[in-house]
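> File structure_11.cif follows (mmCIF, C-alpha atoms and all ligand atoms):
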data_run
loop_
_atom_site.label_atom_id
_atom_site.label_comp_id
_atom_site.auth_asym_id
_atom_site.auth_seq_id
_atom_site.Cartn_x
_atom_site.Cartn_y
_atom_site.Cartn_z
CA MET A 146 80.86 67.24 -58.61
CA LYS A 147 79.31 66.82 -55.18
CA LEU A 148 79.21 69.64 -52.62
CA VAL A 149 78.89 68.78 -48.94
CA LEU A 150 78.31 71.22 -46.10
CA ALA A 151 80.04 69.78 -43.04
CA SER A 152 77.92 71.65 -40.50
CA GLY A 153 75.03 71.17 -38.14
CA SER A 154 74.35 74.91 -38.10
CA PRO A 155 70.94 75.91 -39.53
CA ARG A 156 72.37 79.39 -40.23
CA ARG A 157 75.13 77.98 -42.45
CA LYS A 158 72.61 75.80 -44.29
CA GLU A 159 70.46 78.85 -45.02
CA LEU A 160 73.38 81.03 -46.10
CA LEU A 161 74.84 78.36 -48.39
CA GLY A 162 71.33 77.86 -49.79
CA GLN A 163 71.29 81.56 -50.58
CA LEU A 164 74.55 81.21 -52.56
CA ALA A 165 73.19 78.10 -54.29
CA PHE A 166 70.07 79.93 -55.39
CA LEU A 167 71.96 82.59 -57.34
CA ASN A 168 74.04 80.11 -59.30
CA THR A 169 75.44 81.96 -62.32
CA LYS A 170 77.12 78.86 -63.75
CA ALA A 171 73.83 77.09 -64.40
CA ASP A 172 70.17 78.01 -64.53
CA VAL A 173 69.38 75.92 -61.49
CA PRO A 174 70.57 76.28 -57.90
CA PHE A 175 73.50 73.98 -57.10
CA GLU A 176 72.68 71.21 -54.69
CA PHE A 177 74.53 70.27 -51.56
CA GLU A 178 74.31 67.64 -48.89
CA ILE A 179 74.65 68.21 -45.20
CA LEU A 180 76.84 66.11 -42.99
CA ALA A 181 77.68 67.32 -39.49
CA ALA A 182 81.25 66.34 -38.67
CA ASP A 183 82.14 66.23 -35.00
CA ILE A 184 85.63 67.41 -34.15
CA ASP A 185 87.46 68.36 -30.96
CA GLU A 186 87.02 72.15 -30.72
CA SER A 187 89.43 72.82 -27.87
CA HIS A 188 91.81 75.74 -28.11
CA ASN A 189 95.53 75.08 -28.10
CA SER A 190 97.09 77.84 -25.99
CA ALA A 191 100.02 78.29 -28.41
CA GLU A 192 97.80 79.39 -31.32
CA SER A 193 96.29 82.81 -31.96
CA ALA A 194 92.54 83.28 -32.30
CA GLU A 195 93.01 83.60 -36.08
CA GLU A 196 95.02 80.35 -36.29
CA PHE A 197 92.49 78.60 -34.05
CA VAL A 198 89.38 79.47 -36.05
CA LEU A 199 91.09 78.67 -39.36
CA ARG A 200 92.31 75.33 -38.03
CA LEU A 201 88.80 74.37 -36.88
CA ALA A 202 87.25 75.29 -40.25
CA LYS A 203 89.84 73.14 -42.06
CA GLU A 204 89.44 70.25 -39.60
CA LYS A 205 85.66 70.33 -40.02
CA ALA A 206 86.03 70.23 -43.82
CA LEU A 207 88.56 67.36 -43.72
CA ALA A 208 86.53 65.39 -41.14
CA GLY A 209 83.42 65.90 -43.29
CA LEU A 210 85.28 64.64 -46.37
CA ALA A 211 86.49 61.52 -44.51
CA LEU A 212 82.98 60.84 -43.24
CA TYR A 213 81.42 61.36 -46.64
CA ALA A 214 83.97 59.09 -48.35
CA ALA A 215 83.41 56.38 -45.73
CA GLU A 216 79.66 56.50 -46.39
CA HIS A 217 79.58 57.00 -50.16
CA GLY A 218 82.96 55.94 -51.55
CA THR A 219 85.39 58.15 -53.43
CA GLU A 220 84.37 57.79 -57.09
CA GLU A 221 82.62 61.14 -57.45
CA GLN A 222 84.72 64.28 -56.93
CA THR A 223 83.55 65.83 -53.66
CA VAL A 224 84.15 69.28 -52.24
CA VAL A 225 83.43 69.77 -48.55
CA LEU A 226 82.86 73.10 -46.80
CA GLY A 227 83.68 73.56 -43.11
CA SER A 228 83.34 76.75 -41.11
CA ASP A 229 83.84 78.05 -37.60
CA THR A 230 82.85 81.21 -35.76
CA ILE A 231 84.33 82.63 -32.56
CA VAL A 232 83.87 85.88 -30.69
CA VAL A 233 87.05 87.56 -29.51
CA GLN A 234 87.10 90.24 -26.87
CA GLY A 235 90.55 91.67 -26.23
CA GLU A 236 92.60 88.50 -25.94
CA THR A 237 89.73 86.32 -24.75
CA ILE A 238 88.14 83.80 -27.09
CA LEU A 239 84.44 83.33 -26.41
CA GLY A 240 82.85 80.25 -27.90
CA LYS A 241 79.37 78.97 -27.19
CA PRO A 242 78.24 79.37 -23.57
CA LYS A 243 78.60 76.26 -21.40
CA ASP A 244 75.42 77.05 -19.46
CA GLU A 245 73.13 79.97 -18.63
CA ALA A 246 75.50 81.39 -16.00
CA ASP A 247 78.28 81.39 -18.58
CA ALA A 248 75.95 83.07 -21.12
CA ALA A 249 75.17 85.78 -18.54
CA ALA A 250 78.88 86.35 -17.87
CA ILE A 251 79.65 86.53 -21.60
CA LEU A 252 76.81 88.99 -22.28
CA ALA A 253 77.88 91.15 -19.33
CA SER A 254 81.40 91.28 -20.75
CA LEU A 255 80.07 92.31 -24.21
CA SER A 256 77.81 95.04 -22.75
CA GLY A 257 78.79 98.54 -23.92
CA GLN A 258 81.95 97.20 -25.58
CA SER A 259 83.13 96.28 -29.02
CA HIS A 260 84.36 92.81 -29.91
CA ARG A 261 85.51 90.96 -33.01
CA VAL A 262 83.66 88.07 -34.61
CA MET A 263 85.96 85.77 -36.57
CA THR A 264 84.53 83.32 -39.05
CA ALA A 265 86.74 81.01 -41.07
CA VAL A 266 85.60 79.00 -44.08
CA ALA A 267 87.52 76.12 -45.63
CA LEU A 268 86.81 74.06 -48.74
CA THR A 269 88.63 70.86 -49.52
CA ASP A 270 88.51 68.08 -52.10
CA GLY A 271 91.22 66.09 -50.36
CA SER A 272 94.11 67.28 -52.52
CA LYS A 273 93.44 71.01 -52.55
CA THR A 274 92.23 73.07 -49.59
CA VAL A 275 91.35 76.76 -49.76
CA SER A 276 90.33 78.90 -46.82
CA LYS A 277 89.51 82.43 -45.74
CA LEU A 278 89.21 84.23 -42.43
CA VAL A 279 86.79 87.14 -42.08
CA THR A 280 86.89 89.43 -39.05
CA THR A 281 84.00 91.78 -38.23
CA LYS A 282 83.85 94.39 -35.49
CA VAL A 283 80.62 94.53 -33.49
CA GLN A 284 79.68 97.22 -30.96
CA PHE A 285 77.15 96.29 -28.25
CA CYS A 286 74.98 98.79 -26.40
CA GLU A 287 74.91 98.82 -22.58
CA LEU A 288 72.89 95.90 -21.23
CA THR A 289 71.11 95.85 -17.89
CA GLN A 290 70.94 92.68 -15.81
CA ALA A 291 67.23 92.52 -16.75
CA ASP A 292 68.13 92.64 -20.48
CA ILE A 293 70.60 89.80 -20.02
CA LEU A 294 68.19 87.61 -18.04
CA ALA A 295 65.31 88.22 -20.43
CA TYR A 296 67.50 87.37 -23.40
CA ILE A 297 68.80 84.17 -21.82
CA ALA A 298 65.22 83.14 -21.00
CA THR A 299 64.48 83.06 -24.76
CA GLY A 300 67.05 80.26 -25.16
CA GLU A 301 68.59 82.01 -28.18
CA PRO A 302 72.12 82.49 -26.82
CA MET A 303 72.86 78.88 -25.95
CA ASP A 304 74.06 77.49 -29.32
CA LYS A 305 75.83 80.62 -30.48
CA ALA A 306 79.38 81.88 -30.20
CA GLY A 307 79.47 84.92 -27.89
CA ALA A 308 76.01 83.95 -26.56
CA TYR A 309 74.07 86.02 -29.08
CA GLY A 310 72.58 85.88 -32.54
CA ILE A 311 72.77 89.13 -34.51
CA GLN A 312 70.07 87.77 -36.85
CA GLY A 313 67.65 87.23 -33.98
CA LEU A 314 66.74 88.97 -30.74
CA GLY A 315 70.44 89.55 -30.13
CA GLY A 316 70.24 92.10 -32.93
CA ASN A 317 68.49 94.36 -30.39
CA PHE A 318 71.84 94.85 -28.68
CA VAL A 319 73.99 95.57 -31.74
CA GLU A 320 74.72 99.27 -31.98
CA ALA A 321 77.14 99.10 -34.91
CA ILE A 322 78.91 96.62 -37.13
CA GLU A 323 82.00 97.09 -39.27
CA GLY A 324 82.54 94.30 -41.76
CA SER A 325 80.51 91.33 -42.95
CA TYR A 326 77.04 90.75 -41.50
CA SER A 327 76.78 87.24 -42.97
CA ALA A 328 80.15 86.34 -41.41
CA VAL A 329 78.75 87.22 -37.98
CA VAL A 330 75.73 84.99 -38.64
CA GLY A 331 78.07 82.12 -39.56
CA LEU A 332 79.13 82.17 -43.23
CA PRO A 333 80.64 85.16 -45.10
CA LEU A 334 78.74 85.21 -48.39
CA VAL A 335 81.11 87.13 -50.65
CA GLU A 336 84.22 85.27 -49.51
CA THR A 337 82.51 81.85 -49.61
CA ARG A 338 81.29 82.55 -53.13
CA ALA A 339 84.87 83.33 -54.18
CA LEU A 340 86.12 80.09 -52.60
CA LEU A 341 83.37 78.11 -54.36
CA CYS A 342 84.56 79.62 -57.66
CA GLU A 343 88.16 78.75 -56.83
CA MET A 344 87.15 75.12 -56.26
CA GLN A 345 85.08 75.21 -59.47
CA VAL A 346 81.80 74.54 -57.69
CA LEU A 347 80.43 77.82 -59.03
C1 LIG B 1 77.98 85.74 -33.20
C2 LIG B 1 76.95 84.83 -33.78
C3 LIG B 1 77.14 83.46 -33.86
N1 LIG B 1 76.19 82.64 -34.38
C4 LIG B 1 76.37 81.18 -34.48
C5 LIG B 1 76.98 80.72 -35.80
C6 LIG B 1 77.45 79.31 -35.48
O1 LIG B 1 76.37 78.41 -35.76
C7 LIG B 1 77.71 79.38 -33.96
C8 LIG B 1 79.17 79.23 -33.66
O2 LIG B 1 79.48 77.90 -33.47
P1 LIG B 1 80.38 77.03 -34.45
O3 LIG B 1 81.15 76.06 -33.60
O4 LIG B 1 81.15 77.91 -35.39
O5 LIG B 1 79.32 76.25 -35.35
P2 LIG B 1 78.19 75.21 -34.96
O6 LIG B 1 78.64 74.29 -33.87
O7 LIG B 1 76.91 75.95 -34.73
O8 LIG B 1 78.00 74.41 -36.30
P3 LIG B 1 79.09 73.46 -37.06
O9 LIG B 1 80.35 73.40 -36.26
O10 LIG B 1 78.42 72.13 -37.17
O11 LIG B 1 79.28 74.14 -38.40
O12 LIG B 1 77.25 80.66 -33.53
C9 LIG B 1 74.98 83.17 -34.84
O13 LIG B 1 74.09 82.42 -35.30
N2 LIG B 1 74.79 84.52 -34.79
C10 LIG B 1 75.70 85.38 -34.28
O14 LIG B 1 75.46 86.61 -34.26
#
Write out the structure in this file as structure tokens.


Amino acid sequence: MKLVLASGSPRRKELLGQLAFLNTKADVPFEFEILAADIDESHNSAESAEEFVLRLAKEKALAGLALYAAEHGTEEQTVVLGSDTIVVQGETILGKPKDEADAAAILASLSGQSHRVMTAVALTDGSKTVSKLVTTKVQFCELTQADILAYIATGEPMDKAGAYGIQGLGGNFVEAIEGSYSAVVGLPLVETRALLCEMQVL
């Protein structure tokens, strides 16, 4: 069986590598290939944040499977993992910042407040698709304008949902977290491990 990670995210690669390393089914880590599948990530106003993030994870997995099959054929059974992370504050969905001004506005809105980080994971082999949504509550400390500008100047916020990385300098602003740390980074480890078992990868 072939496992493919349909993601361009270095965080997801590292986290899946962590799951692969502790492979209890065999003595060796399981191997996986990486194939970044590009999909339209626009939000449809009729869907909830939960429906949105789950839909994107499934679409990434299915697009990755189609891409992989087009490149390698369909003889070998292939399982593809897709995932998506969004930050939700109140009713507002915050994806990746469009530019630095947007990052500053997002960080100002997170300052001193709590928000939810939703990460969905989907695995598909074409006939069976399994998925899981994990929601984590994150409390930010108060940020000054100087904090926000200094953080943006590091470049870290620009490719991350909610304009921060808890695993990096953004961790300086996280006062409390309730839920899954790895889900905030981009891939919930416990839940992904269970899905890999369900698809018989692990
Ligand atoms: C909140 C938060 C998000 N992120 C990242 C995880 C995701 O990579 C990114 C959210 O964007 P996504 O669209 O979920 O993922 P991506 O475009 O980076 O990768 P792909 O679609 O190819 O899988 O934000 C962190 O690294 N740390 C954090 O604390």

> So which one's closest to ligand LIG 1 (chain B), A:Gly310, A:Gly162, A:Gly257, A:Gly227? Using all atoms listed in the file, please.

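Of the candidates, the smallest distance to ligand LIG 1 (chain B) is held by A:Gly310.
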
> Write out as a ChimeraX atom specification which residues come within 10 Å of region 268-279 of chain A when counting all atoms listed in the file, dropping same-chain ones fewer than 3 positions away.

/A:147-151,195-196,198-200,202-207,209-211,222-230,261-265,324-325,328-329,332-333,336-337,339-341,343-344

> Using all atoms listed in the file, find the one residue out of A:Leu255, A:Cys342, A:Ala215, A:Ala191 that sits nearest to Gly235 (chain A).

A:Leu255

> Taking into account all atoms listed in the file, which residue in the set A:Thr280, A:Val266, A:Ala308, A:Ser256 is nearest to Glu320 (chain A)?

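Smallest separation from Glu320 (chain A) among the options: A:Ser256.
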
> When distances are computed from all atoms listed in the file, which of A:Arg156, A:Lys170, A:His217, A:Arg338 shows the smallest separation from ligand LIG 1 (chain B)?

A:Arg156

> So what do you get for atom P1 of ligand LIG 1 (chain B) versus CA of Gly331 (chain A), distance-wise?

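It comes out at 7.6 Å.
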
> Taking only C-alpha atoms into account, name the residue in A:Val173, A:Ala208, A:Ile238, A:Ala291 that is nearest to Ser190 (chain A).

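Among the listed residues, A:Ile238 lies closest to Ser190 (chain A).
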
> Please, what is the axis-aligned box for every listed atom of ligand LIG 1 (chain B) with 3 Å on each side, as centre and edge lengths in Å to one decimal, as AutoDock Vina command-line options?


--center_x 77.6 --center_y 79.4 --center_z -35.8 --size_x 13.1 --size_y 20.5 --size_z 11.2

> Work out how far apart atom O8 of ligand LIG 1 (chain B) and CA of Ala248 (chain A) are and give it in Å to one decimal.

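Separation between atom O8 of ligand LIG 1 (chain B) and CA of Ala248 (chain A): 17.6 Å.
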
> Give as a list in words every residue, naming chains and numbers as the document does, that has an atom within 10 Å of (65.1, 87.8, -31.4), counting only C-alpha atoms.

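Those residues lying close to the given coordinates are Tyr296, Thr299, Gly300, Glu301, Pro302, Tyr309, Gly310, Ile311, Gln312, Gly313, Leu314, Gly315, Gly316 and Asn317 of chain A.
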
> A:Asp292, A:Asp172, A:Asp183, A:Glu216: which is nearest ligand LIG 1 (chain B), counting all atoms listed in the file?

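Going through A:Asp292, A:Asp172, A:Asp183, A:Glu216 one by one, the smallest distance to ligand LIG 1 (chain B) is for A:Asp183.
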
> Would you fill out region 156-189 of chain A with N, CA and C atoms and return it as a compact mmCIF listing (two decimals), keeping the file's coordinate frame?


# COMPACT_ATOMS: atom_id res chain seq x y z
N ARG A 156 72.02 78.11 -39.58
CA ARG A 156 72.37 79.39 -40.23
C ARG A 156 73.25 79.15 -41.45
N ARG A 157 74.23 78.25 -41.31
CA ARG A 157 75.13 77.98 -42.45
C ARG A 157 74.37 77.34 -43.60
N LYS A 158 73.42 76.45 -43.25
CA LYS A 158 72.61 75.80 -44.29
C LYS A 158 71.83 76.87 -45.08
N GLU A 159 71.25 77.81 -44.36
CA GLU A 159 70.46 78.85 -45.02
C GLU A 159 71.34 79.75 -45.89
N LEU A 160 72.50 80.12 -45.35
CA LEU A 160 73.38 81.03 -46.10
C LEU A 160 73.96 80.34 -47.34
N LEU A 161 74.34 79.06 -47.21
CA LEU A 161 74.84 78.36 -48.39
C LEU A 161 73.71 78.18 -49.41
N GLY A 162 72.51 77.97 -48.91
CA GLY A 162 71.33 77.86 -49.79
C GLY A 162 71.12 79.15 -50.56
N GLN A 163 71.41 80.26 -49.93
CA GLN A 163 71.29 81.56 -50.58
C GLN A 163 72.30 81.68 -51.73
N LEU A 164 73.53 81.20 -51.49
CA LEU A 164 74.55 81.21 -52.56
C LEU A 164 74.15 80.25 -53.68
N ALA A 165 73.59 79.11 -53.30
CA ALA A 165 73.19 78.10 -54.29
C ALA A 165 72.10 78.63 -55.20
N PHE A 166 71.22 79.43 -54.64
CA PHE A 166 70.07 79.93 -55.39
C PHE A 166 70.49 80.84 -56.55
N LEU A 167 71.49 81.66 -56.30
CA LEU A 167 71.96 82.59 -57.34
C LEU A 167 73.18 81.98 -58.02
N ASN A 168 72.95 80.84 -58.67
CA ASN A 168 74.04 80.11 -59.30
C ASN A 168 74.20 80.61 -60.73
N THR A 169 75.26 81.35 -60.99
CA THR A 169 75.44 81.96 -62.32
C THR A 169 76.08 81.00 -63.32
N LYS A 170 76.50 79.83 -62.84
CA LYS A 170 77.12 78.86 -63.75
C LYS A 170 76.05 78.02 -64.47
N ALA A 171 74.92 77.87 -63.81
CA ALA A 171 73.83 77.09 -64.40
C ALA A 171 72.52 77.81 -64.10
N ASP A 172 71.45 77.35 -64.75
CA ASP A 172 70.17 78.01 -64.53
C ASP A 172 69.52 77.57 -63.23
N VAL A 173 70.01 76.47 -62.69
CA VAL A 173 69.38 75.92 -61.49
C VAL A 173 70.29 76.10 -60.29
N PRO A 174 69.73 76.18 -59.09
CA PRO A 174 70.57 76.28 -57.90
C PRO A 174 71.47 75.04 -57.80
N PHE A 175 72.71 75.19 -57.32
CA PHE A 175 73.50 73.98 -57.10
C PHE A 175 72.99 73.29 -55.85
N GLU A 176 73.19 71.98 -55.83
CA GLU A 176 72.68 71.21 -54.69
C GLU A 176 73.83 70.88 -53.76
N PHE A 177 73.50 70.72 -52.50
CA PHE A 177 74.53 70.27 -51.56
C PHE A 177 73.90 69.38 -50.51
N GLU A 178 74.76 68.52 -49.97
CA GLU A 178 74.31 67.64 -48.89
C GLU A 178 74.85 68.14 -47.57
N ILE A 179 74.17 67.78 -46.51
CA ILE A 179 74.65 68.21 -45.20
C ILE A 179 75.10 67.01 -44.38
N LEU A 180 76.27 67.18 -43.78
CA LEU A 180 76.84 66.11 -42.99
C LEU A 180 77.57 66.77 -41.82
N ALA A 181 77.04 66.65 -40.63
CA ALA A 181 77.68 67.32 -39.49
C ALA A 181 78.86 66.48 -39.01
N ALA A 182 80.05 67.05 -39.11
CA ALA A 182 81.25 66.34 -38.67
C ALA A 182 81.63 66.82 -37.27
N ASP A 183 81.80 65.88 -36.38
CA ASP A 183 82.14 66.23 -35.00
C ASP A 183 83.65 66.24 -34.84
N ILE A 184 84.19 67.37 -34.38
CA ILE A 184 85.63 67.41 -34.15
C ILE A 184 85.87 67.97 -32.74
N ASP A 185 87.08 67.80 -32.26
CA ASP A 185 87.46 68.36 -30.96
C ASP A 185 87.70 69.87 -31.17
N GLU A 186 86.91 70.70 -30.48
CA GLU A 186 87.02 72.15 -30.72
C GLU A 186 87.81 72.87 -29.63
N SER A 187 88.69 72.13 -28.93
CA SER A 187 89.43 72.82 -27.87
C SER A 187 90.59 73.67 -28.42
N HIS A 188 90.78 74.77 -27.72
CA HIS A 188 91.81 75.74 -28.11
C HIS A 188 93.17 75.31 -27.60
N ASN A 189 94.15 75.39 -28.48
CA ASN A 189 95.53 75.08 -28.10
C ASN A 189 96.17 76.43 -27.73
